[in-house]
file entry26.cif (mmCIF, C-alpha atoms and all ligand atoms)
data_upload
#
loop_
_atom_site.label_atom_id
_atom_site.label_comp_id
_atom_site.auth_asym_id
_atom_site.auth_seq_id
_atom_site.Cartn_x
_atom_site.Cartn_y
_atom_site.Cartn_z
CA MET A 1 0.00 0.00 0.00
CA SER A 2 2.89 2.42 0.65
CA GLU A 3 3.80 2.33 -3.04
CA THR A 4 0.17 2.80 -4.07
CA ALA A 5 -0.17 5.70 -1.65
CA LYS A 6 3.02 7.35 -2.84
CA ARG A 7 1.99 7.01 -6.49
CA TYR A 8 -1.42 8.43 -5.66
CA ILE A 9 0.01 11.50 -3.88
CA ASP A 10 2.60 12.09 -6.64
CA GLU A 11 0.01 11.83 -9.41
CA TYR A 12 -2.58 13.92 -7.61
CA PHE A 13 -0.39 16.77 -6.40
CA GLY A 14 2.47 16.79 -8.92
CA GLN A 15 4.76 19.67 -7.97
CA THR A 16 2.23 21.23 -5.58
CA ASP A 17 3.41 21.43 -1.97
CA ILE A 18 0.59 20.12 0.24
CA THR A 19 1.77 21.87 3.38
CA GLU A 20 2.04 25.16 1.51
CA LEU A 21 -1.51 24.73 0.19
CA VAL A 22 -2.85 24.38 3.70
CA ARG A 23 -0.73 27.27 4.94
CA THR A 24 -2.15 29.49 2.19
CA TYR A 25 -5.82 28.50 2.20
CA GLY A 26 -6.38 27.16 5.71
CA SER A 27 -7.38 23.83 7.18
CA PRO A 28 -9.58 21.95 6.51
CA LEU A 29 -9.37 22.42 2.76
CA TYR A 30 -11.10 20.87 -0.26
CA VAL A 31 -8.84 20.38 -3.27
CA TYR A 32 -9.88 19.37 -6.81
CA GLN A 33 -7.74 18.18 -9.68
CA GLU A 34 -8.93 19.52 -13.02
CA ALA A 35 -7.30 16.81 -15.16
CA LEU A 36 -9.02 14.01 -13.24
CA LEU A 37 -12.36 15.80 -13.36
CA ARG A 38 -12.05 16.16 -17.13
CA ARG A 39 -11.06 12.51 -17.53
CA ARG A 40 -14.16 11.32 -15.66
CA CYS A 41 -16.37 13.68 -17.70
CA ARG A 42 -14.97 12.18 -20.92
CA GLU A 43 -15.49 8.61 -19.74
CA MET A 44 -19.13 9.38 -19.04
CA GLN A 45 -19.58 11.25 -22.33
CA GLN A 46 -18.42 8.16 -24.19
CA LEU A 47 -20.47 5.66 -22.22
CA VAL A 48 -23.17 5.12 -24.82
CA GLN A 49 -22.28 4.86 -28.51
CA GLY A 50 -24.29 4.55 -31.69
CA VAL A 51 -27.34 6.59 -30.60
CA PRO A 52 -27.81 10.24 -29.60
CA PHE A 53 -26.59 10.40 -26.01
CA ALA A 54 -26.00 13.04 -23.33
CA ALA A 55 -24.40 12.56 -19.92
CA HIS A 56 -26.03 14.94 -17.44
CA TYR A 57 -23.81 15.85 -14.49
CA SER A 58 -25.88 15.60 -11.33
CA VAL A 59 -24.87 18.82 -9.65
CA LYS A 60 -25.97 17.82 -6.17
CA ALA A 61 -22.67 15.92 -5.96
CA ASN A 62 -20.68 19.14 -6.14
CA THR A 63 -22.05 22.54 -7.03
CA ASN A 64 -18.87 24.59 -7.22
CA LEU A 65 -19.29 26.88 -10.24
CA GLU A 66 -15.79 26.24 -11.51
CA LEU A 67 -16.40 22.47 -11.56
CA LEU A 68 -19.74 23.07 -13.30
CA ARG A 69 -17.96 25.20 -15.88
CA ILE A 70 -15.38 22.48 -16.54
CA ALA A 71 -18.12 19.86 -16.95
CA ARG A 72 -19.93 22.14 -19.39
CA ASP A 73 -16.69 22.76 -21.24
CA GLU A 74 -16.42 18.97 -21.62
CA GLY A 75 -19.87 18.99 -23.23
CA LEU A 76 -21.89 17.59 -20.33
CA HIS A 77 -25.45 18.67 -19.69
CA ALA A 78 -26.74 18.73 -16.12
CA ASP A 79 -29.56 17.69 -13.87
CA ALA A 80 -30.83 19.86 -11.04
CA MET A 81 -32.84 18.99 -7.96
CA SER A 82 -33.89 22.45 -6.80
CA PRO A 83 -34.22 26.06 -8.00
CA GLY A 84 -30.94 26.80 -6.24
CA GLU A 85 -29.17 24.18 -8.34
CA ILE A 86 -30.75 25.65 -11.48
CA LEU A 87 -29.39 29.08 -10.51
CA ALA A 88 -25.93 27.59 -10.01
CA LEU A 89 -26.09 26.00 -13.45
CA GLU A 90 -27.20 29.26 -15.05
CA ALA A 91 -24.36 31.07 -13.31
CA ALA A 92 -21.95 28.50 -14.76
CA GLY A 93 -23.30 29.14 -18.28
CA TYR A 94 -25.72 26.25 -18.87
CA ASP A 95 -28.63 26.98 -21.23
CA ALA A 96 -32.16 25.90 -20.33
CA ASP A 97 -32.08 23.06 -22.85
CA ALA A 98 -28.94 21.65 -21.21
CA ILE A 99 -30.72 21.41 -17.84
CA PHE A 100 -33.07 18.65 -16.74
CA PHE A 101 -35.02 19.38 -13.54
CA ILE A 102 -35.61 16.25 -11.43
CA PRO A 103 -37.14 17.50 -8.17
CA ASN A 104 -39.03 15.71 -5.44
CA ASN A 105 -42.01 17.00 -3.44
CA ILE A 106 -41.78 20.60 -4.59
CA SER A 107 -44.17 23.53 -4.47
CA ARG A 108 -46.15 25.18 -7.26
CA ASP A 109 -43.77 28.16 -7.17
CA GLU A 110 -40.73 25.92 -7.56
CA LEU A 111 -42.33 24.14 -10.52
CA ARG A 112 -43.14 27.49 -12.07
CA PHE A 113 -39.53 28.60 -11.52
CA ALA A 114 -38.34 25.86 -13.90
CA ALA A 115 -41.34 25.94 -16.27
CA ASP A 116 -40.95 29.70 -16.87
CA ARG A 117 -37.38 29.07 -17.97
CA GLY A 118 -38.42 26.40 -20.48
CA ILE A 119 -36.56 23.69 -18.57
CA LEU A 120 -37.86 20.13 -18.98
CA ILE A 121 -39.28 18.90 -15.67
CA SER A 122 -39.50 15.36 -14.36
CA VAL A 123 -42.23 14.57 -11.82
CA ASP A 124 -42.14 11.55 -9.58
CA SER A 125 -45.66 11.28 -8.15
CA LEU A 126 -49.20 11.58 -9.43
CA ASP A 127 -49.80 14.62 -7.21
CA GLN A 128 -46.77 16.41 -8.64
CA LEU A 129 -47.94 15.54 -12.16
CA ASP A 130 -51.32 17.04 -11.36
CA LEU A 131 -49.63 20.16 -9.96
CA LEU A 132 -47.41 20.52 -13.02
CA GLY A 133 -50.45 20.11 -15.26
CA SER A 134 -52.10 23.05 -13.51
CA VAL A 135 -48.91 25.15 -13.77
CA GLN A 136 -48.09 24.29 -17.37
CA PRO A 137 -51.15 22.88 -19.19
CA GLY A 138 -50.29 21.77 -22.70
CA GLY A 139 -46.60 21.49 -21.80
CA ARG A 140 -44.05 18.69 -21.91
CA VAL A 141 -43.14 16.46 -19.01
CA SER A 142 -40.89 13.57 -18.07
CA LEU A 143 -41.99 10.90 -15.61
CA ARG A 144 -39.57 9.50 -13.05
CA LEU A 145 -40.47 5.83 -12.77
CA ASN A 146 -39.76 3.37 -10.00
CA LEU A 147 -39.86 -0.01 -11.68
CA GLY A 148 -38.84 -2.02 -8.63
CA ILE A 149 -35.06 -2.37 -8.98
CA GLY A 150 -32.91 -0.40 -6.53
CA ALA A 151 -29.17 -0.50 -5.77
CA GLY A 152 -26.66 1.48 -3.75
CA HIS A 153 -24.06 1.50 -0.99
CA HIS A 154 -26.50 2.21 1.84
CA GLU A 155 -30.24 1.90 2.40
CA LYS A 156 -30.46 5.70 2.62
CA VAL A 157 -29.35 6.12 -0.99
CA ILE A 158 -31.32 3.35 -2.68
CA THR A 159 -33.88 5.32 -4.65
CA ALA A 160 -36.03 2.69 -6.32
CA GLY A 161 -37.73 -0.48 -5.17
CA ASP A 162 -40.35 -1.00 -2.48
CA ASP A 163 -38.79 1.02 0.31
CA THR A 164 -38.27 4.52 -1.05
CA LYS A 165 -40.19 7.75 -1.50
CA PHE A 166 -39.18 8.16 -5.15
CA GLY A 167 -40.89 7.49 -8.43
CA ILE A 168 -44.16 6.57 -10.10
CA THR A 169 -44.72 2.83 -9.99
CA GLU A 170 -45.77 0.52 -12.78
CA ALA A 171 -49.22 0.19 -11.22
CA GLN A 172 -49.71 3.98 -11.49
CA LEU A 173 -48.82 4.34 -15.17
CA ASP A 174 -52.42 4.35 -16.42
CA GLN A 175 -53.37 7.02 -13.89
CA ALA A 176 -50.33 9.07 -14.92
CA GLN A 177 -51.41 8.87 -18.56
CA ALA A 178 -54.93 9.97 -17.59
CA ILE A 179 -53.66 13.00 -15.63
CA ALA A 180 -51.42 13.95 -18.54
CA ARG A 181 -54.40 13.75 -20.92
CA GLN A 182 -56.51 15.87 -18.57
CA TYR A 183 -53.96 18.73 -18.80
CA GLN A 184 -52.91 18.00 -22.40
CA LEU A 185 -49.39 17.35 -21.18
CA THR A 186 -47.16 15.44 -23.59
CA ILE A 187 -45.02 12.83 -21.91
CA THR A 188 -41.81 13.30 -23.87
CA GLY A 189 -39.41 11.78 -21.36
CA LEU A 190 -38.96 8.89 -18.98
CA ASN A 191 -36.28 8.80 -16.32
CA GLN A 192 -35.25 6.71 -13.35
CA HIS A 193 -32.50 6.56 -10.76
CA ILE A 194 -32.00 3.28 -8.92
CA GLY A 195 -29.63 4.59 -6.25
CA SER A 196 -26.11 5.72 -5.64
CA LEU A 197 -22.85 3.78 -5.82
CA PHE A 198 -23.23 0.43 -7.48
CA MET A 199 -20.00 -1.35 -8.44
CA GLU A 200 -21.52 -4.10 -10.62
CA PRO A 201 -23.30 -3.28 -13.90
CA ALA A 202 -26.05 -5.90 -13.43
CA PRO A 203 -28.72 -3.95 -11.49
CA TYR A 204 -28.31 -0.86 -13.63
CA LEU A 205 -28.66 -2.87 -16.84
CA ALA A 206 -31.66 -4.81 -15.52
CA ALA A 207 -33.35 -1.53 -14.55
CA ALA A 208 -32.52 -0.02 -17.96
CA GLU A 209 -34.13 -3.01 -19.66
CA ARG A 210 -37.25 -2.51 -17.57
CA LEU A 211 -37.35 1.20 -18.39
CA LEU A 212 -37.13 0.45 -22.11
CA SER A 213 -39.93 -2.04 -21.81
CA ALA A 214 -42.14 0.52 -19.99
CA ALA A 215 -41.23 3.10 -22.63
CA ARG A 216 -43.28 1.22 -25.24
CA CYS A 217 -46.46 2.58 -23.57
CA PHE A 218 -45.41 6.23 -24.23
CA PRO A 219 -45.62 6.94 -27.96
CA ASP A 220 -44.45 10.59 -27.74
CA LEU A 221 -41.12 9.87 -26.08
CA GLU A 222 -38.13 11.90 -27.23
CA MET A 223 -35.84 11.10 -24.30
CA ILE A 224 -35.00 8.19 -22.01
CA ASP A 225 -32.75 8.77 -18.99
CA PHE A 226 -31.29 5.68 -17.31
CA GLY A 227 -30.12 7.55 -14.19
CA GLY A 228 -26.83 7.85 -12.30
CA GLY A 229 -25.33 5.94 -9.40
CA PHE A 230 -22.09 4.75 -11.04
CA GLY A 231 -19.73 3.80 -8.22
CA ILE A 232 -16.09 4.63 -7.66
CA PRO A 233 -13.57 2.53 -5.68
CA TYR A 234 -13.42 4.12 -2.23
CA HIS A 235 -11.03 1.36 -1.08
CA LYS A 236 -8.51 2.15 -3.78
CA MET A 237 -5.49 1.89 -1.43
CA ALA A 238 -6.42 -1.77 -0.95
CA GLY A 239 -6.65 -2.24 -4.71
CA GLU A 240 -10.45 -2.23 -5.08
CA ALA A 241 -11.40 -2.77 -8.73
CA ARG A 242 -13.14 -0.06 -10.72
CA LEU A 243 -16.67 -0.42 -12.02
CA ASP A 244 -16.37 -2.02 -15.47
CA LEU A 245 -17.66 0.99 -17.33
CA ALA A 246 -16.65 -0.36 -20.74
CA ALA A 247 -18.74 -3.52 -20.26
CA LEU A 248 -21.66 -1.55 -18.87
CA GLY A 249 -21.45 0.98 -21.70
CA SER A 250 -21.33 -1.59 -24.44
CA ARG A 251 -24.38 -3.48 -23.08
CA LEU A 252 -26.27 -0.22 -22.59
CA SER A 253 -25.40 0.94 -26.10
CA GLU A 254 -26.68 -2.34 -27.56
CA MET A 255 -29.96 -2.03 -25.67
CA ALA A 256 -30.39 1.62 -26.65
CA LYS A 257 -29.59 0.95 -30.32
CA ARG A 258 -32.04 -1.96 -30.48
CA PHE A 259 -34.78 0.17 -28.94
CA ALA A 260 -34.06 3.25 -31.08
CA SER A 261 -34.18 1.20 -34.27
CA THR A 262 -37.84 0.41 -33.57
CA TRP A 263 -38.81 3.92 -32.47
CA PRO A 264 -40.58 6.10 -35.02
CA ARG A 265 -38.96 9.42 -33.97
CA PRO A 266 -35.51 10.71 -32.89
CA LEU A 267 -34.71 9.61 -29.38
CA MET A 268 -32.09 10.98 -26.98
CA PHE A 269 -30.63 8.68 -24.31
CA MET A 270 -29.27 10.09 -21.09
CA THR A 271 -27.55 9.26 -17.81
CA GLU A 272 -27.17 11.42 -14.69
CA PRO A 273 -23.88 10.64 -12.96
CA GLY A 274 -22.84 12.77 -10.01
CA ARG A 275 -20.40 10.85 -7.87
CA TYR A 276 -18.54 9.28 -10.79
CA ILE A 277 -17.71 12.72 -12.19
CA ALA A 278 -16.66 14.54 -9.03
CA ALA A 279 -15.69 12.11 -6.26
CA GLU A 280 -12.17 11.13 -7.22
CA ALA A 281 -11.20 14.57 -8.48
CA GLY A 282 -11.58 15.96 -4.96
CA LEU A 283 -9.94 15.36 -1.64
CA LEU A 284 -10.06 16.95 1.76
CA ILE A 285 -7.08 17.88 3.90
CA GLY A 286 -7.35 18.39 7.65
CA THR A 287 -5.02 18.88 10.59
CA VAL A 288 -4.50 16.80 13.72
CA HIS A 289 -4.99 18.86 16.88
CA ALA A 290 -5.00 16.22 19.61
CA VAL A 291 -4.25 12.54 20.15
CA LYS A 292 -5.44 10.74 23.26
CA GLN A 293 -6.39 7.39 24.69
CA ASN A 294 -9.89 6.99 26.13
CA GLY A 295 -10.67 3.49 27.40
CA PRO A 296 -9.55 0.96 24.81
CA ARG A 297 -9.37 3.46 21.92
CA ILE A 298 -6.85 5.95 20.65
CA TYR A 299 -8.67 9.04 19.36
CA VAL A 300 -7.04 11.26 16.78
CA GLY A 301 -8.77 14.64 16.93
CA THR A 302 -8.80 16.70 13.75
CA ASP A 303 -10.56 19.74 12.33
CA ILE A 304 -12.60 17.59 9.91
CA GLY A 305 -15.95 17.57 11.64
CA PHE A 306 -19.03 16.01 10.11
CA ASN A 307 -20.09 19.53 9.19
CA VAL A 308 -17.24 19.41 6.66
CA LEU A 309 -17.61 15.79 5.49
CA ALA A 310 -20.90 14.15 6.44
CA ARG A 311 -20.63 10.85 4.56
CA PRO A 312 -18.91 8.78 7.28
CA MET A 313 -21.43 9.94 9.91
CA LEU A 314 -24.46 9.60 7.58
CA TYR A 315 -23.67 6.31 5.89
CA ASP A 316 -20.71 4.80 7.76
CA ALA A 317 -18.96 5.56 4.51
CA TRP A 318 -15.32 4.61 4.05
CA HIS A 319 -12.73 7.09 2.82
CA ASP A 320 -9.08 6.08 2.50
CA LEU A 321 -6.85 8.26 4.69
CA LEU A 322 -3.22 9.19 4.14
CA VAL A 323 -0.97 11.10 6.50
CA ILE A 324 1.46 13.88 5.61
CA ARG A 325 4.10 15.00 8.11
CA ARG A 326 6.27 18.00 7.31
CA GLY A 327 5.43 17.69 3.63
CA ARG A 328 6.10 13.95 3.34
CA LEU A 329 3.75 11.01 3.09
CA LEU A 330 4.13 8.76 6.13
CA PRO A 331 4.85 5.16 5.10
CA GLN A 332 2.32 2.51 6.06
CA THR A 333 4.55 1.00 8.72
CA GLY A 334 4.27 0.78 12.51
CA LEU A 335 0.50 0.97 12.17
CA GLU A 336 -1.75 1.42 15.18
CA THR A 337 -5.51 1.21 15.23
CA VAL A 338 -7.06 4.62 15.87
CA THR A 339 -10.41 6.36 15.60
CA VAL A 340 -10.15 9.61 13.66
CA THR A 341 -12.62 12.24 14.84
CA GLY A 342 -13.60 15.82 14.12
CA ASN A 343 -14.25 18.88 16.27
CA ILE A 344 -18.05 18.71 16.50
CA CYS A 345 -19.89 18.24 19.76
CA GLU A 346 -21.23 14.74 19.08
CA SER A 347 -19.72 11.32 19.73
CA GLY A 348 -20.70 10.17 16.25
CA ASP A 349 -18.37 12.78 14.79
CA GLN A 350 -15.93 10.25 13.32
CA ILE A 351 -14.21 10.13 9.96
CA ALA A 352 -12.87 6.63 10.49
CA ALA A 353 -13.41 4.16 13.33
CA ASP A 354 -10.76 1.65 14.36
CA ARG A 355 -8.54 2.32 11.37
CA PRO A 356 -4.92 1.10 11.13
CA LEU A 357 -2.81 4.20 10.44
CA PRO A 358 0.79 5.28 11.00
CA GLU A 359 1.22 6.72 14.49
CA LEU A 360 -0.28 10.22 14.29
CA ARG A 361 0.90 13.39 16.01
CA CYS A 362 -0.37 16.94 16.40
CA ASP A 363 0.11 19.06 13.24
CA ASP A 364 0.13 16.05 10.94
CA LEU A 365 -2.09 16.53 7.89
CA VAL A 366 -4.77 13.93 7.20
CA VAL A 367 -5.67 13.57 3.54
CA VAL A 368 -9.17 12.17 2.97
CA LEU A 369 -9.41 10.62 -0.48
CA ASP A 370 -12.36 10.67 -2.90
CA ALA A 371 -14.12 13.54 -1.14
CA GLY A 372 -15.15 15.49 -4.25
CA ALA A 373 -18.74 14.24 -4.34
CA TYR A 374 -21.23 14.82 -1.54
CA GLY A 375 -18.42 16.47 0.41
CA TYR A 376 -18.64 20.25 0.28
CA SER A 377 -22.17 20.09 -1.13
CA MET A 378 -23.38 18.41 2.07
CA SER A 379 -21.33 20.57 4.43
CA SER A 380 -22.90 22.91 6.95
CA ASN A 381 -22.23 25.51 9.62
CA TYR A 382 -23.27 23.21 12.46
CA ASN A 383 -21.71 24.31 15.76
CA GLN A 384 -21.26 27.71 14.05
CA ARG A 385 -18.22 26.32 12.26
CA LEU A 386 -16.81 27.76 9.07
CA ARG A 387 -17.06 25.76 5.88
CA PRO A 388 -13.65 25.35 4.26
CA ALA A 389 -12.18 26.90 1.14
CA GLU A 390 -12.05 25.02 -2.16
CA VAL A 391 -8.97 25.09 -4.36
CA LEU A 392 -8.50 23.88 -7.93
CA LEU A 393 -5.27 22.30 -9.16
CA PRO A 394 -5.55 23.36 -12.80
CA GLU A 395 -4.10 21.38 -15.69
CA SER A 396 -1.42 24.02 -15.92
CA GLY A 397 -0.48 26.86 -13.65
CA ARG A 398 -0.74 27.50 -9.96
CA PRO A 399 -3.44 26.30 -7.54
CA ARG A 400 -6.44 28.61 -7.68
CA LEU A 401 -8.98 29.47 -4.99
CA ILE A 402 -12.46 28.60 -6.33
CA ARG A 403 -14.44 29.22 -3.16
CA ARG A 404 -13.25 31.20 -0.20
CA ARG A 405 -13.51 29.88 3.30
CA ASP A 406 -16.54 31.14 5.26
CA THR A 407 -15.92 34.14 7.47
CA TYR A 408 -17.38 34.77 10.90
CA ASP A 409 -19.52 37.50 9.29
CA ASP A 410 -21.04 34.82 7.01
CA LEU A 411 -22.23 32.98 10.10
CA LEU A 412 -24.24 35.94 11.36
CA ARG A 413 -25.51 37.17 7.99
CA GLY A 414 -29.23 36.54 7.56
CA MET A 415 -30.02 36.53 11.26
CA LEU A 416 -32.44 39.30 12.22
CA PHE A 417 -31.25 40.81 15.42
CA PRO A 418 -32.50 42.66 17.36
CA VAL A 419 -36.03 41.34 16.80
CA GLU A 420 -37.39 44.83 15.94
CA SER A 421 -35.99 44.33 12.42
CA ASP A 422 -38.51 41.52 11.58
CA PRO A 423 -39.84 42.52 8.09
CA ALA A 424 -43.26 40.99 8.94
CA ASP A 425 -43.83 43.74 11.48
C1 LIG A 501 -32.38 11.68 -9.37
C2 LIG A 501 -30.92 11.53 -9.17
N1 LIG A 501 -30.14 11.57 -10.23
C3 LIG A 501 -28.79 11.44 -10.13
C4 LIG A 501 -28.20 11.29 -8.89
C5 LIG A 501 -26.70 11.17 -8.84
O1 LIG A 501 -26.31 9.98 -8.27
P1 LIG A 501 -24.78 9.58 -8.25
O2 LIG A 501 -24.06 10.72 -7.66
O3 LIG A 501 -24.70 8.37 -7.42
O4 LIG A 501 -24.38 9.32 -9.67
C6 LIG A 501 -28.99 11.25 -7.75
C7 LIG A 501 -28.38 11.08 -6.42
O5 LIG A 501 -28.98 11.05 -5.40
C8 LIG A 501 -30.39 11.37 -7.89
O6 LIG A 501 -31.20 11.33 -6.82
#

call {"tool": "encode", "arguments": {"input": "entry26.cif", "output": "C-alpha cells"}}
result
Amino acid sequence: MSETAKRYIDEYFGQTDITELVRTYGSPLYVYQEALLRRRCREMQQLVQGVPFAAHYSVKANTNLELLRIARDEGLHADAMSPGEILALEAAGYDADAIFFIPNNISRDELRFAADRGILISVDSLDQLDLLGSVQPGGRVSLRLNLGIGAGHHEKVITAGDDTKFGITEAQLDQAQAIARQYQLTITGLNQHIGSLFMEPAPYLAAAERLLSAARCFPDLEMIDFGGGFGIPYHKMAGEARLDLAALGSRLSEMAKRFASTWPRPLMFMTEPGRYIAAEAGLLIGTVHAVKQNGPRIYVGTDIGFNVLARPMLYDAWHDLLVIRRGRLLPQTGLETVTVTGNICESGDQIAADRPLPELRCDDLVVVLDAGAYGYSMSSNYNQRLRPAEVLLPESGRPRLIRRRDTYDDLLRGMLFPVESDPAD
C-alpha cells in the first residue's frame, strides 16, 4: 500500500506542496484536480455509442461553479434537484435546454420557476404531475419511474424499489397517462435513478431493460434517462477494482440501439452521474490537533468535523486516509488502530473508526481521499463552524482558490437581530 499511496500522492499533487496549500488556504481544505475531473467527464460522455446520447452531471454531488464550468466545457449537460441548483447552473453558463429538472415534493412556485425558464421537468408522483399540469397545461413532461429495482451502498441512498419515496410505480402508469391527458401534457421523457454507488453493472442494466420495456407505452417519447449511481472505488489503497464501465457501456449501447431502431422518432438517451464525475477529483485535507487514549481506543482529533464531510457519519462511509508529516507522506509502517474524529460536539463525529494508520501526532495533515462528491455540497455551519475553502489544481499553472472559506460574518448574515428588524412587522 505504501507504493500505491506514494503514487497516488505524486500523481494527484504533482509539484504542488501540500503543506504550503494548507498554509495558504487554511485547514480543513477541499482540493480538486482539473485533469481528473475532465477525464471522468470524458469517460461518461463516451459511455453510450451509436445513438444520440448526453451525460447529465448531477450537480448535487458538487455545485462549485468552476467544476460546473469544466463539466460544461467537456460537453456535459446537467440535472438539477432544486431552483438553487438551477441558478448555479445558469451562473456557470448552462442553457435551459442543457438542464433537466428532477425534483421531489416541490411547491407550485418551484415548478413554475423551472417551467418559466423552459426547462424540462420530471415529476415523480401523481400529485406532482397534477400540480405541473395546472402550472403548465399543454406542456411537456418527463416521468420519473420506479420499476422495482434499486441499488446502492446504503439503504439511505437506494432510490427505487419497495422502500423509497421516489418514483411513479408501474401500477400507477395508467393514472399518470390519464392526468397527462386531462392537462394535455405530452409525456416526452422517462427517467429513473435506482440509487447511488453500485460497483456491478447488473442492477443498472436490468433496470434499464425494464425502463425500455415501460417506454413502449409512451408513444411521444423523445428522451429516455437511465439515471446515475455509477460507483467509484473508495477502497482504492487496498486495490479495489473499478466499475467495469466499458462492459456496462457496451451493453447499454446495444440495448439503446435496439430500442431506437424500432422507435418512429428521434430519441435521446441520457444518464445522470454525479459521484462518478466529481468524487475522485476531490480530496479533503485536515489537521491533527490532539491525540489521546480513552478506554480501549486511541482518538485522533482533527478539524474535519461532520459539518465538513458528512458521509462517514451519515452512511458509515469509508474514505481512504493518508498522513502527511512536514510535507512527506508517512509510510504505512508501525501501524496502530485509531479512531479519527472531528471537532463537532457529538460522539458520532468520526471520519474513520478503528482504522490502522501510521502513528499520528499533532500538526500532521490527514488527507481524505475521494471527497469530491457529496463532500462540500453536504457541508454545513453546524456548531457555528466555518465551511472550508475550495482550491483547484488546474491542468497548468498554480493552484487557484475557487471558493473562499466562510468568514465569521457569514455565520451571522441573515439573522435578524435585534427582533425589531422583523420585516413581517
Ligand atoms: C435523481 C438523481 N439523479 C442522479 C443522482 C446522482 O447519483 P450519483 O451521484 O450516485 O451518480 C442522484 C443522487 O442522489 C439522484 O437522486

call {"tool": "residues_near_ligand", "arguments": {"input": "entry26.cif", "ligand": "ligand LIG 501 (chain A)", "cutoff": "9 Å", "atoms": "all atoms listed in the file", "output": "count of residues only"}}
result
42

call {"tool": "closest_residue", "arguments": {"input": "entry26.cif", "among": "A:Tyr234, A:Tyr204, A:Phe100, A:Tyr408", "to": "Leu369 of chain A", "atoms": "only C-alpha atoms"}}
result
A:Tyr234

call {"tool": "closest_residue", "arguments": {"input": "entry26.cif", "among": "A:His289, A:Met270, A:Ile70, A:Leu173", "to": "Gln45 of chain A", "atoms": "all atoms listed in the file"}}
result
A:Met270

call {"tool": "residues_around", "arguments": {"input": "entry26.cif", "residues": "segment 359-365 of chain A", "least_positions_apart": "6", "cutoff": "7 Å", "atoms": "only C-alpha atoms", "output": "ChimeraX atom specification"}}
result
/A:285-291,323-325,334-336

call {"tool": "closest_residue", "arguments": {"input": "entry26.cif", "among": "A:Ser213, A:Thr188, A:Thr302, A:Ser253", "to": "Pro28 of chain A", "atoms": "only C-alpha atoms"}}
result
A:Thr302

call {"tool": "atom_distance", "arguments": {"input": "entry26.cif", "atom1": "atom CA of Asn307 of chain A", "atom2": "atom CA of Glu346 of chain A"}}
result
11.0 Å

call {"tool": "closest_residue", "arguments": {"input": "entry26.cif", "among": "A:Arg251, A:His319, A:Arg39, A:Lys236", "to": "Thr4 of chain A", "atoms": "only C-alpha atoms"}}
result
A:Lys236

call {"tool": "closest_residue", "arguments": {"input": "entry26.cif", "among": "A:Gln332, A:Ser142, A:Asn294, A:Thr164", "to": "Met237 of chain A", "atoms": "all atoms listed in the file"}}
result
A:Gln332
